[in-house]
Amino acid sequence: MLQRIGTKLFLKEGCDPDPAALIPVMQGWIQRRQLPGLLIDVADYSHVHHGPGIMLICNEGDLSVDFAEGRPGILYMRKRKHAPTLPDGLLACVRQCLLAAELLQREDSLPGLQLDLRQTRVIFSDRLRAPNTPEAFASRRGELALFAYRLYGDASLDQVHDDPRENLAVSVVAADDHSLASLLGRTAAASVS
Amino acid sequence: MSDSWKAALQDRMPQDWSREIDIFEGQMELRRQDRLDEKVFAETRLRRGIYGQRYDNGQRHDGIETRPLDFPSGDLTKGPDTMWDAPGMQRIKVPYGGLSIAQMEALADLAEEYSDAILHVTTRQDFQLHYIHIDDTPDLMRRLAAVGLTTREACGNSVRNVTACPLAGVCRDQTFDVTPYSAALADFLLGHDDVQDFGRKFKVAFSGCEHHACALVNMHDLGFLARTREVNGEIERGFTIYVGGGLGTVPHQAQVLEEFATVDEIMPISQAVSRVFARHGEKRNRNRARIKFLVASLGIEEFRRLVREERETLPRDEAWTDWIDEVPVEWERPLRAGMALNGSDRPAGFDEWYRTNVYRQRQPGYSVITVNLPLGDITSWQMRQLADIAREYVSDNVRTTVEQNIVLRWVPDADLPALFGALKAVGLGDAGAGTIVDITACPGTDTCKLGIASSRGLAAELRQRLAVRNATMPDAVKDLKIKISGCFNSCGQHHVADIGFFGNSRRSGNHKVPHFQVVLGGQWDENAGSFGLAMTAVPAKSVPEVLDALTDRYVAERERGETFQSWVRRLGRKEVRAMFQQWTKLPTYEEKPDLFLDWGDSRSYSIGDIGVGECAGEVVSLFSIEISKAESEHFDALLALDEGDYRQAEGRSYQAMLMAARALIRTQYLDVSLEADDIVSEFRTRFYDTELFFDRYAKGKFARYLFARYASPPARNGEREARQRIEEAQLFIEATHSAEARINGVIVNPA
Ligand code: HEM
Ligand code: SF4
């Protein structure tokens, strides 16, 4: 079992949500229990450069509107209670991001929030079992391909960073366009809780 | 490839550290099986640096109601009322703030894999990781041990991180480099038998000089100030040793234990102090258990006598001195040759950054640069980039600071423009280090269980506002320091700032309003030479306006060369209060709902999961009128203090406590007399014995201030007594406010 796995869906270029507007939105999710899992608190990291933005802390994993690399997106990092297989686990992460995206798009305080749904960033945060090396990527390729197929059908896989100190991150790019609704349909069987 | 960190790192961890971590892992297992008492486990956990966090009692007020957090581990706890699965905090000790590149990289990894990809620098040069699961801590500790870092005794009743000036060794004004001594003492005291039986935490600091603030020796339990003397024509190194300082609810200035102790004496004396503290220090009453109370109650002469006596009986230990011969002449080596800043291109923003973030070292051609971290936070990614920058320019010459920043030392001046460019590219090039925008804040309501108001929320807001105005701000304002604590415990060190704030709350109608007490005129220089005093509480949301009013007036009225401290003194407390008055009258919720929220939080404000109860109370009660009289008495005490009339200041503070107690009694029993005997006895039976006055964390602490003063008036009327009584009265009045709100049913506090 890997220490942490996660997925990030990037916002479309030009979308730059106001972090301050996200705090009441996420606090509202806690009040209304609008996402699966045990939602605990909202952490504000908007003061740091290219940081984790606004983060919804949950027992199973944390969901944030993340600004790493200056590319805002919806990130879900699974901390515990992993699914039995890696593809299932990753699908559950994507689903959590999609559910959050659906909720965010309903907010008047966050107008024009659009996602680039053709691309999913997969992140393994476990330097013991999945260091950021070509070998570790190769050894996970089969499971990643299965995940990509179940999410998108046809898709390509690429290792993102060269720096061996970084998390192992893989960019999964779909051959075709997908809508939020269709991806929600394709991940319907997965859940984080 | 190993499948566990334990196996992978076995050869890289010091053996004793590795074993301790295994033992802790075993204790975790015993606790899971309920074979280890939760209280014992809690202290064990704290001594491994693992703190609880807000909401770990399994409930949280979500802005509408208090709701349970149903953690999957069910009833399993890691301490009383502390759920196993609840996110917690891990503190990591960094002796004298010294960091290596390998440590920076390890910290970055750990924050990503176990926390939220944020590393937080604390007000005592430590790091903290938040939202940690306890199950992850043994591996986290192993990975730290592999790079020479420990979490041992980072919390709990033992010797905390040993701090030192971040400029030690390169400072132009130092007597000598205190780094090797602080490192050696930290090493000696870590896990030492004589530091295991304290009633409370114990903080040690080293300073290289008297007049700067870098190490804040005056506010430490044990402080070392570098000195030299001439013996037979040779210069001998030593320290003036201070003892019994500390912040907290009642701040104390440290006192001199030994005028000059030679370096071979610092360990035995520390050990003797530890033994005296362990033997004579208060154990049961945690609120009087810091060594400052022991020193105050014994008197410094008696305390010194006991320490000297103890010192004489200590069996000699090789460890006291065997390190001395190994103290290198130069603790650090520069990576690159020093070179003057020549005519090379200066990137935009360089000059401003140079003015505030660059310190010229005593060694020609080199500078120390400060990486100004917002709220002490840095991301894992940034930490790796900073490690690369260090690798290129300074190697392992990196330190954390008590102002929650990181410094790189031994930067050749000629490299400054390039280094600035590199920092800016990764978002670490903020100017303004050590100025008004570089605000210190404790964790506050974000993660601290005791937080009353959002210190970090306020700090972030002020930082943003002040940064915008930075270019046009007069230097006199720029150079002020702001420090914020989320409650009276003063983890944000608000007592030693020009402008300090600590969180509290007030009631308006049926609602609570987050407030900050404004504490003015604390002194950062002279090793935290004097503490500021509370002026008045203002709503959290009004703080930016209050700050503007204060700084505008300071600029307008300040005389040439006048410091903020002396301006505040000249203005006088009465005038300061008058200036703030417009913010102290609370509107109703309907008039200004925004005021009833805290910074960075959209939930309706509550403390300790307090909710708005059903039964409505009167808007202006008899209590509010009477307590305001007590407050005014307290204010007069402050004025008397300003005039140097200590007897009156002390007496009025006591009177203010009596009046506050009486106001509370009269919510139950109107006919109480004005006699101290009656007030104290009624107060005791109605509110203390019944524990109605108790709050969840401080319990009856503040009531005991009243009882103690009632039982024994001070033997002498000096400034120290007056200041202490004033602080106590302040806290007692606060507590009376809270008790009234709790008891009289308007606001329901589950505590
Ligand atoms: C009654 C309880 C507490 C008291 C009296 C207290 C008091 C203090 C004081 C006076 C300082 C700092 C100044 C200094 O001496 O250098 C400090 C440091 C600190 N406190 Fe507390 N504190 C308490 C509980 C907490 C809690 C519950 C938290 C949050 C989890 C917390 C977080 C911190 C932090 C982050 C620091 C700087 C830390 C370091 O590296 O040692 N404190 N505390
Ligand atoms: S000052 Fe209060 S709120 Fe801030 S960390 Fe200390 S105990 Fe918590």
# chains A, B, ... in the order shown; residues from 1 in each chain; ligands from 1
>>> select_by_dssp(residues="region 66-192 of chain A", states="helix (DSSP H, G or I)", output="PyMOL selection string")
chain A and resi 68-70+86-105+134-152+180-186
>>> write_last_selection(atoms="C-alpha atoms", output="short mmCIF file (atom, residue, chain, number, x, y, z; two decimals), in the first residue's frame")
data_model
loop_
_atom_site.label_atom_id
_atom_site.label_comp_id
_atom_site.auth_asym_id
_atom_site.auth_seq_id
_atom_site.Cartn_x
_atom_site.Cartn_y
_atom_site.Cartn_z
CA ALA A 68 1.26 24.19 -7.22
CA GLU A 69 3.45 25.19 -10.19
CA GLY A 70 1.16 28.18 -10.62
CA LEU A 86 -4.32 1.05 -7.28
CA PRO A 87 -6.66 1.65 -10.25
CA ASP A 88 -9.67 1.58 -7.91
CA GLY A 89 -7.93 3.93 -5.52
CA LEU A 90 -7.06 6.41 -8.25
CA LEU A 91 -10.57 6.31 -9.69
CA ALA A 92 -11.92 7.14 -6.25
CA CYS A 93 -9.54 10.11 -6.08
CA VAL A 94 -10.64 11.39 -9.47
CA ARG A 95 -14.25 10.99 -8.52
CA GLN A 96 -13.72 13.08 -5.41
CA CYS A 97 -12.16 15.82 -7.57
CA LEU A 98 -15.06 15.64 -10.00
CA LEU A 99 -17.66 15.87 -7.24
CA ALA A 100 -15.86 18.90 -5.86
CA ALA A 101 -15.71 20.43 -9.34
CA GLU A 102 -19.42 19.96 -9.76
CA LEU A 103 -20.07 21.74 -6.47
CA LEU A 104 -17.63 24.56 -7.20
CA GLN A 105 -19.23 25.22 -10.56
CA PRO A 134 11.86 5.91 -14.52
CA GLU A 135 12.03 2.41 -12.97
CA ALA A 136 9.31 3.08 -10.43
CA PHE A 137 7.18 4.60 -13.18
CA ALA A 138 7.77 1.56 -15.37
CA SER A 139 6.84 -0.81 -12.57
CA ARG A 140 3.50 0.98 -12.04
CA ARG A 141 2.76 1.41 -15.70
CA GLY A 142 0.41 -1.54 -15.97
CA GLU A 143 -1.78 -0.39 -13.12
CA LEU A 144 -1.70 3.17 -14.39
CA ALA A 145 -2.73 2.07 -17.87
CA LEU A 146 -5.66 0.18 -16.43
CA PHE A 147 -6.71 3.25 -14.46
CA ALA A 148 -6.35 5.47 -17.53
CA TYR A 149 -8.37 3.10 -19.63
CA ARG A 150 -11.19 2.95 -17.10
CA LEU A 151 -11.24 6.71 -16.78
CA TYR A 152 -10.77 7.81 -20.37
CA LEU A 180 -17.85 16.25 -16.31
CA ALA A 181 -21.04 14.21 -16.55
CA SER A 182 -19.44 11.47 -18.57
CA LEU A 183 -16.45 11.20 -16.24
CA LEU A 184 -18.77 11.09 -13.25
CA GLY A 185 -20.54 8.24 -15.02
CA ARG A 186 -17.30 6.39 -15.70
#
>>> interface_residues(of="chain B", to="chain A", cutoff="6 Å", atoms="only C-alpha atoms", output="PDB file with C-alpha atoms, in the first residue's frame")
ATOM      1  CA  ASP B  62     -19.508  24.000  11.957  1.00  0.00           C
ATOM      2  CA  GLU B 113       3.958  12.429   2.641  1.00  0.00           C
ATOM      3  CA  GLY B 427       8.307  33.088  -4.305  1.00  0.00           C
ATOM      4  CA  SER B 602     -17.207  32.292   7.540  1.00  0.00           C
TER       5      SER B 602
END
>>> residues_near_ligand(ligand="ligand 1", cutoff="6 Å", atoms="only C-alpha atoms and all ligand atoms", output="MDAnalysis selection string")
chainID B and resid 53 122:126 246:248 442:443 448:450 489:491 493
>>> write_last_selection(atoms="N, CA, C and O atoms", output="PDB file, in the first residue's frame")
ATOM      1  N   GLN B  53      -4.522  18.522  18.344  1.00  0.00           N
ATOM      2  CA  GLN B  53      -4.962  19.679  17.567  1.00  0.00           C
ATOM      3  C   GLN B  53      -6.440  19.931  17.816  1.00  0.00           C
ATOM      4  O   GLN B  53      -7.152  19.080  18.327  1.00  0.00           O
ATOM      5  N   THR B 122       8.380  27.756  13.837  1.00  0.00           N
ATOM      6  CA  THR B 122       7.748  28.248  15.061  1.00  0.00           C
ATOM      7  C   THR B 122       8.525  29.404  15.688  1.00  0.00           C
ATOM      8  O   THR B 122       9.629  29.730  15.248  1.00  0.00           O
ATOM      9  N   THR B 123       7.964  29.954  16.739  1.00  0.00           N
ATOM     10  CA  THR B 123       8.599  31.062  17.451  1.00  0.00           C
ATOM     11  C   THR B 123       9.761  30.590  18.332  1.00  0.00           C
ATOM     12  O   THR B 123      10.332  31.385  19.070  1.00  0.00           O
ATOM     13  N   ARG B 124      10.082  29.315  18.286  1.00  0.00           N
ATOM     14  CA  ARG B 124      11.288  28.856  18.990  1.00  0.00           C
ATOM     15  C   ARG B 124      12.191  28.051  18.061  1.00  0.00           C
ATOM     16  O   ARG B 124      12.786  27.073  18.443  1.00  0.00           O
ATOM     17  N   GLN B 125      12.256  28.459  16.826  1.00  0.00           N
ATOM     18  CA  GLN B 125      13.170  27.906  15.819  1.00  0.00           C
ATOM     19  C   GLN B 125      12.894  26.447  15.452  1.00  0.00           C
ATOM     20  O   GLN B 125      13.717  25.793  14.833  1.00  0.00           O
ATOM     21  N   ASP B 126      11.735  25.938  15.859  1.00  0.00           N
ATOM     22  CA  ASP B 126      11.375  24.568  15.502  1.00  0.00           C
ATOM     23  C   ASP B 126      10.626  24.536  14.186  1.00  0.00           C
ATOM     24  O   ASP B 126      10.248  25.581  13.636  1.00  0.00           O
ATOM     25  N   GLY B 246      10.018  34.113  31.524  1.00  0.00           N
ATOM     26  CA  GLY B 246       9.022  33.365  30.754  1.00  0.00           C
ATOM     27  C   GLY B 246       7.853  34.237  30.403  1.00  0.00           C
ATOM     28  O   GLY B 246       7.555  35.199  31.116  1.00  0.00           O
ATOM     29  N   LEU B 247       7.209  33.902  29.291  1.00  0.00           N
ATOM     30  CA  LEU B 247       5.994  34.624  28.914  1.00  0.00           C
ATOM     31  C   LEU B 247       4.810  33.910  29.565  1.00  0.00           C
ATOM     32  O   LEU B 247       4.814  33.706  30.753  1.00  0.00           O
ATOM     33  N   GLY B 248       3.839  33.518  28.769  1.00  0.00           N
ATOM     34  CA  GLY B 248       2.673  32.877  29.373  1.00  0.00           C
ATOM     35  C   GLY B 248       1.743  33.929  29.921  1.00  0.00           C
ATOM     36  O   GLY B 248       1.905  35.126  29.665  1.00  0.00           O
ATOM     37  N   CYS B 442       1.154  32.870  16.401  1.00  0.00           N
ATOM     38  CA  CYS B 442       1.058  31.492  16.876  1.00  0.00           C
ATOM     39  C   CYS B 442       0.012  30.763  16.023  1.00  0.00           C
ATOM     40  O   CYS B 442      -0.665  31.382  15.222  1.00  0.00           O
ATOM     41  N   PRO B 443      -0.153  29.452  16.209  1.00  0.00           N
ATOM     42  CA  PRO B 443      -1.127  28.733  15.375  1.00  0.00           C
ATOM     43  C   PRO B 443      -2.578  29.194  15.580  1.00  0.00           C
ATOM     44  O   PRO B 443      -3.395  29.130  14.653  1.00  0.00           O
ATOM     45  N   CYS B 448      -4.799  25.206  17.024  1.00  0.00           N
ATOM     46  CA  CYS B 448      -4.560  25.072  18.462  1.00  0.00           C
ATOM     47  C   CYS B 448      -5.870  24.895  19.214  1.00  0.00           C
ATOM     48  O   CYS B 448      -6.819  25.641  19.002  1.00  0.00           O
ATOM     49  N   LYS B 449      -5.873  23.969  20.133  1.00  0.00           N
ATOM     50  CA  LYS B 449      -7.085  23.685  20.892  1.00  0.00           C
ATOM     51  C   LYS B 449      -7.472  24.827  21.809  1.00  0.00           C
ATOM     52  O   LYS B 449      -8.609  24.942  22.209  1.00  0.00           O
ATOM     53  N   LEU B 450      -6.503  25.642  22.199  1.00  0.00           N
ATOM     54  CA  LEU B 450      -6.784  26.706  23.152  1.00  0.00           C
ATOM     55  C   LEU B 450      -7.084  28.039  22.485  1.00  0.00           C
ATOM     56  O   LEU B 450      -7.390  29.016  23.147  1.00  0.00           O
ATOM     57  N   ASN B 489      -2.012  32.709  26.339  1.00  0.00           N
ATOM     58  CA  ASN B 489      -0.817  31.897  26.598  1.00  0.00           C
ATOM     59  C   ASN B 489       0.448  32.433  25.938  1.00  0.00           C
ATOM     60  O   ASN B 489       1.543  31.972  26.230  1.00  0.00           O
ATOM     61  N   SER B 490       0.301  33.317  25.007  1.00  0.00           N
ATOM     62  CA  SER B 490       1.412  34.083  24.431  1.00  0.00           C
ATOM     63  C   SER B 490       2.461  33.279  23.663  1.00  0.00           C
ATOM     64  O   SER B 490       3.629  33.612  23.672  1.00  0.00           O
ATOM     65  N   CYS B 491       2.011  32.241  22.988  1.00  0.00           N
ATOM     66  CA  CYS B 491       2.944  31.480  22.148  1.00  0.00           C
ATOM     67  C   CYS B 491       3.460  32.334  21.000  1.00  0.00           C
ATOM     68  O   CYS B 491       4.517  32.057  20.441  1.00  0.00           O
ATOM     69  N   GLN B 493       4.384  35.329  21.393  1.00  0.00           N
ATOM     70  CA  GLN B 493       5.314  36.283  22.026  1.00  0.00           C
ATOM     71  C   GLN B 493       4.855  37.740  21.921  1.00  0.00           C
ATOM     72  O   GLN B 493       5.657  38.650  21.734  1.00  0.00           O
TER      73      GLN B 493
END
>>> residues_near_ligand(ligand="ligand 2", cutoff="12 Å", atoms="only C-alpha atoms and all ligand atoms", output="number ranges by chain")
B: 51-54, 89, 122-123, 128, 247-249, 440-457, 483-495, 500-504, 516, 607-608, 697-698
>>> residues_around(residues="Asp116 (chain B)", least_positions_apart="3", cutoff="8 Å", atoms="only C-alpha atoms", output="mmCIF file with N, CA, C and O atoms, in the first residue's frame")
data_model
loop_
_atom_site.group_PDB
_atom_site.id
_atom_site.type_symbol
_atom_site.label_atom_id
_atom_site.label_comp_id
_atom_site.auth_asym_id
_atom_site.auth_seq_id
_atom_site.Cartn_x
_atom_site.Cartn_y
_atom_site.Cartn_z
ATOM 1 N N PRO A 52 -0.696 25.029 -1.463
ATOM 2 C CA PRO A 52 -1.902 24.204 -1.493
ATOM 3 C C PRO A 52 -3.207 24.995 -1.402
ATOM 4 O O PRO A 52 -4.264 24.382 -1.280
ATOM 5 N N ALA B 111 6.733 16.590 4.944
ATOM 6 C CA ALA B 111 5.534 17.432 4.887
ATOM 7 C C ALA B 111 4.609 16.926 3.785
ATOM 8 O O ALA B 111 3.389 16.909 3.940
ATOM 9 N N GLU B 112 5.186 16.491 2.686
ATOM 10 C CA GLU B 112 4.349 16.006 1.586
ATOM 11 C C GLU B 112 3.704 14.662 1.889
ATOM 12 O O GLU B 112 2.535 14.453 1.618
ATOM 13 N N GLU B 113 4.485 13.785 2.471
ATOM 14 C CA GLU B 113 3.958 12.429 2.641
ATOM 15 C C GLU B 113 3.070 12.265 3.867
ATOM 16 O O GLU B 113 2.237 11.371 3.913
ATOM 17 N N LEU B 129 4.665 20.253 11.776
ATOM 18 C CA LEU B 129 3.833 19.699 10.715
ATOM 19 C C LEU B 129 2.444 19.523 11.314
ATOM 20 O O LEU B 129 2.318 19.025 12.442
ATOM 21 N N HIS B 130 1.445 19.918 10.574
ATOM 22 C CA HIS B 130 0.077 19.810 11.090
ATOM 23 C C HIS B 130 -0.704 18.713 10.372
ATOM 24 O O HIS B 130 -0.287 18.223 9.333
ATOM 25 N N TYR B 131 -1.838 18.363 10.963
ATOM 26 C CA TYR B 131 -2.746 17.347 10.393
ATOM 27 C C TYR B 131 -2.041 16.004 10.188
ATOM 28 O O TYR B 131 -2.182 15.355 9.169
#
>>> select_by_dssp(residues="region 13-119 of chain B", states="strand (DSSP E or B)", output="number ranges by chain")
B: 50-51, 59-61, 66-68, 77-79, 82-83, 88-92, 98-99, 118-119
>>> residues_around(residues="Met219 (chain B)", least_positions_apart="6", cutoff="10 Å", atoms="only C-alpha atoms", output="mmCIF file with N, CA, C and O atoms, in the first residue's frame")
data_model
loop_
_atom_site.group_PDB
_atom_site.id
_atom_site.type_symbol
_atom_site.label_atom_id
_atom_site.label_comp_id
_atom_site.auth_asym_id
_atom_site.auth_seq_id
_atom_site.Cartn_x
_atom_site.Cartn_y
_atom_site.Cartn_z
ATOM 1 N N LYS B 203 12.538 26.005 29.026
ATOM 2 C CA LYS B 203 13.091 26.532 27.777
ATOM 3 C C LYS B 203 14.439 27.194 27.997
ATOM 4 O O LYS B 203 14.598 27.981 28.921
ATOM 5 N N VAL B 204 15.371 26.892 27.123
ATOM 6 C CA VAL B 204 16.748 27.354 27.255
ATOM 7 C C VAL B 204 17.132 28.165 26.018
ATOM 8 O O VAL B 204 16.777 27.791 24.897
ATOM 9 N N ALA B 205 17.855 29.274 26.238
ATOM 10 C CA ALA B 205 18.285 30.092 25.101
ATOM 11 C C ALA B 205 19.697 30.611 25.307
ATOM 12 O O ALA B 205 20.129 30.841 26.437
ATOM 13 N N TYR B 242 21.003 33.322 33.323
ATOM 14 C CA TYR B 242 19.729 33.871 33.785
ATOM 15 C C TYR B 242 18.768 32.728 34.075
ATOM 16 O O TYR B 242 18.818 31.688 33.426
ATOM 17 N N VAL B 243 17.854 32.984 34.987
ATOM 18 C CA VAL B 243 16.887 31.936 35.294
ATOM 19 C C VAL B 243 15.535 32.564 35.618
ATOM 20 O O VAL B 243 15.467 33.706 36.083
ATOM 21 N N GLY B 244 14.471 31.829 35.325
ATOM 22 C CA GLY B 244 13.146 32.223 35.803
ATOM 23 C C GLY B 244 12.411 33.239 34.960
ATOM 24 O O GLY B 244 11.454 33.849 35.425
ATOM 25 N N GLY B 245 12.814 33.393 33.702
ATOM 26 C CA GLY B 245 12.032 34.260 32.828
ATOM 27 C C GLY B 245 10.975 33.442 32.133
ATOM 28 O O GLY B 245 11.013 32.218 32.144
ATOM 29 N N GLY B 246 10.018 34.113 31.524
ATOM 30 C CA GLY B 246 9.022 33.365 30.754
ATOM 31 C C GLY B 246 7.853 34.237 30.403
ATOM 32 O O GLY B 246 7.555 35.199 31.116
ATOM 33 N N LEU B 247 7.209 33.902 29.291
ATOM 34 C CA LEU B 247 5.994 34.624 28.914
ATOM 35 C C LEU B 247 4.810 33.910 29.565
ATOM 36 O O LEU B 247 4.814 33.706 30.753
ATOM 37 N N GLY B 248 3.839 33.518 28.769
ATOM 38 C CA GLY B 248 2.673 32.877 29.373
ATOM 39 C C GLY B 248 1.743 33.929 29.921
ATOM 40 O O GLY B 248 1.905 35.126 29.665
ATOM 41 N N PRO B 251 3.804 37.184 32.587
ATOM 42 C CA PRO B 251 5.191 37.175 32.142
ATOM 43 C C PRO B 251 6.154 37.564 33.265
ATOM 44 O O PRO B 251 5.820 38.359 34.132
ATOM 45 N N HIS B 252 7.300 36.951 33.254
ATOM 46 C CA HIS B 252 8.340 37.262 34.232
ATOM 47 C C HIS B 252 9.636 37.563 33.503
ATOM 48 O O HIS B 252 9.988 36.848 32.576
ATOM 49 N N GLN B 253 10.362 38.569 33.962
ATOM 50 C CA GLN B 253 11.711 38.798 33.457
ATOM 51 C C GLN B 253 12.664 37.879 34.211
ATOM 52 O O GLN B 253 12.507 37.672 35.415
ATOM 53 N N ALA B 254 13.630 37.343 33.476
ATOM 54 C CA ALA B 254 14.577 36.438 34.122
ATOM 55 C C ALA B 254 15.475 37.204 35.094
ATOM 56 O O ALA B 254 15.631 38.417 34.986
ATOM 57 N N GLN B 255 16.074 36.476 36.036
ATOM 58 C CA GLN B 255 17.004 37.097 36.973
ATOM 59 C C GLN B 255 18.370 36.421 36.853
ATOM 60 O O GLN B 255 18.471 35.292 36.397
ATOM 61 N N LYS B 292 9.725 29.909 36.740
ATOM 62 C CA LYS B 292 9.609 31.316 37.122
ATOM 63 C C LYS B 292 8.860 31.470 38.459
ATOM 64 O O LYS B 292 9.179 32.350 39.254
ATOM 65 N N GLN B 493 4.384 35.329 21.393
ATOM 66 C CA GLN B 493 5.314 36.283 22.026
ATOM 67 C C GLN B 493 4.855 37.740 21.921
ATOM 68 O O GLN B 493 5.657 38.650 21.734
ATOM 69 N N HIS B 495 4.050 39.745 24.117
ATOM 70 C CA HIS B 495 4.557 40.640 25.167
ATOM 71 C C HIS B 495 5.804 41.410 24.749
ATOM 72 O O HIS B 495 6.146 42.403 25.360
ATOM 73 N N VAL B 496 6.538 40.889 23.752
ATOM 74 C CA VAL B 496 7.812 41.521 23.420
ATOM 75 C C VAL B 496 7.770 42.235 22.073
ATOM 76 O O VAL B 496 8.801 42.477 21.457
ATOM 77 N N ASN B 527 17.476 41.693 24.499
ATOM 78 C CA ASN B 527 17.038 40.335 24.803
ATOM 79 C C ASN B 527 15.641 40.280 25.409
ATOM 80 O O ASN B 527 15.399 39.557 26.371
ATOM 81 N N ALA B 528 14.723 41.034 24.830
ATOM 82 C CA ALA B 528 13.351 41.126 25.341
ATOM 83 C C ALA B 528 13.354 41.836 26.696
ATOM 84 O O ALA B 528 12.853 41.318 27.694
ATOM 85 N N GLY B 529 13.902 43.042 26.686
ATOM 86 C CA GLY B 529 14.156 43.784 27.912
ATOM 87 C C GLY B 529 12.947 44.160 28.735
ATOM 88 O O GLY B 529 13.046 44.255 29.950
ATOM 89 N N SER B 530 11.800 44.439 28.131
ATOM 90 C CA SER B 530 10.625 44.678 28.957
ATOM 91 C C SER B 530 9.374 44.248 28.201
ATOM 92 O O SER B 530 9.367 44.162 26.985
ATOM 93 N N PHE B 531 8.349 43.978 28.972
ATOM 94 C CA PHE B 531 7.125 43.452 28.393
ATOM 95 C C PHE B 531 6.098 44.567 28.192
ATOM 96 O O PHE B 531 6.008 45.493 28.983
#
>>> atom_distance(atom1="CA of Met535 (chain B)", atom2="CA of Leu706 (chain B)")
21.3 Å
>>> atom_distance(atom1="CA of Glu352 (chain B)", atom2="CA of Asp430 (chain B)")
9.6 Å
>>> residues_around(residues="Ile482 (chain B)", least_positions_apart="4", cutoff="6 Å", atoms="only C-alpha atoms", output="PyMOL selection string")
chain B and resi 439+497+499-500
>>> write_last_selection(atoms="C-alpha atoms", output="short mmCIF file (atom, residue, chain, number, x, y, z; two decimals), in the first residue's frame")
data_model
loop_
_atom_site.label_atom_id
_atom_site.label_comp_id
_atom_site.auth_asym_id
_atom_site.auth_seq_id
_atom_site.Cartn_x
_atom_site.Cartn_y
_atom_site.Cartn_z
CA ILE B 439 4.32 39.52 11.51
CA ALA B 497 6.44 43.31 20.36
CA ILE B 499 2.40 46.15 18.99
CA GLY B 500 1.13 42.86 20.34
#
>>> residues_around(residues="Val65 (chain A)", least_positions_apart="6", cutoff="9 Å", atoms="only C-alpha atoms", output="count of residues only")
13
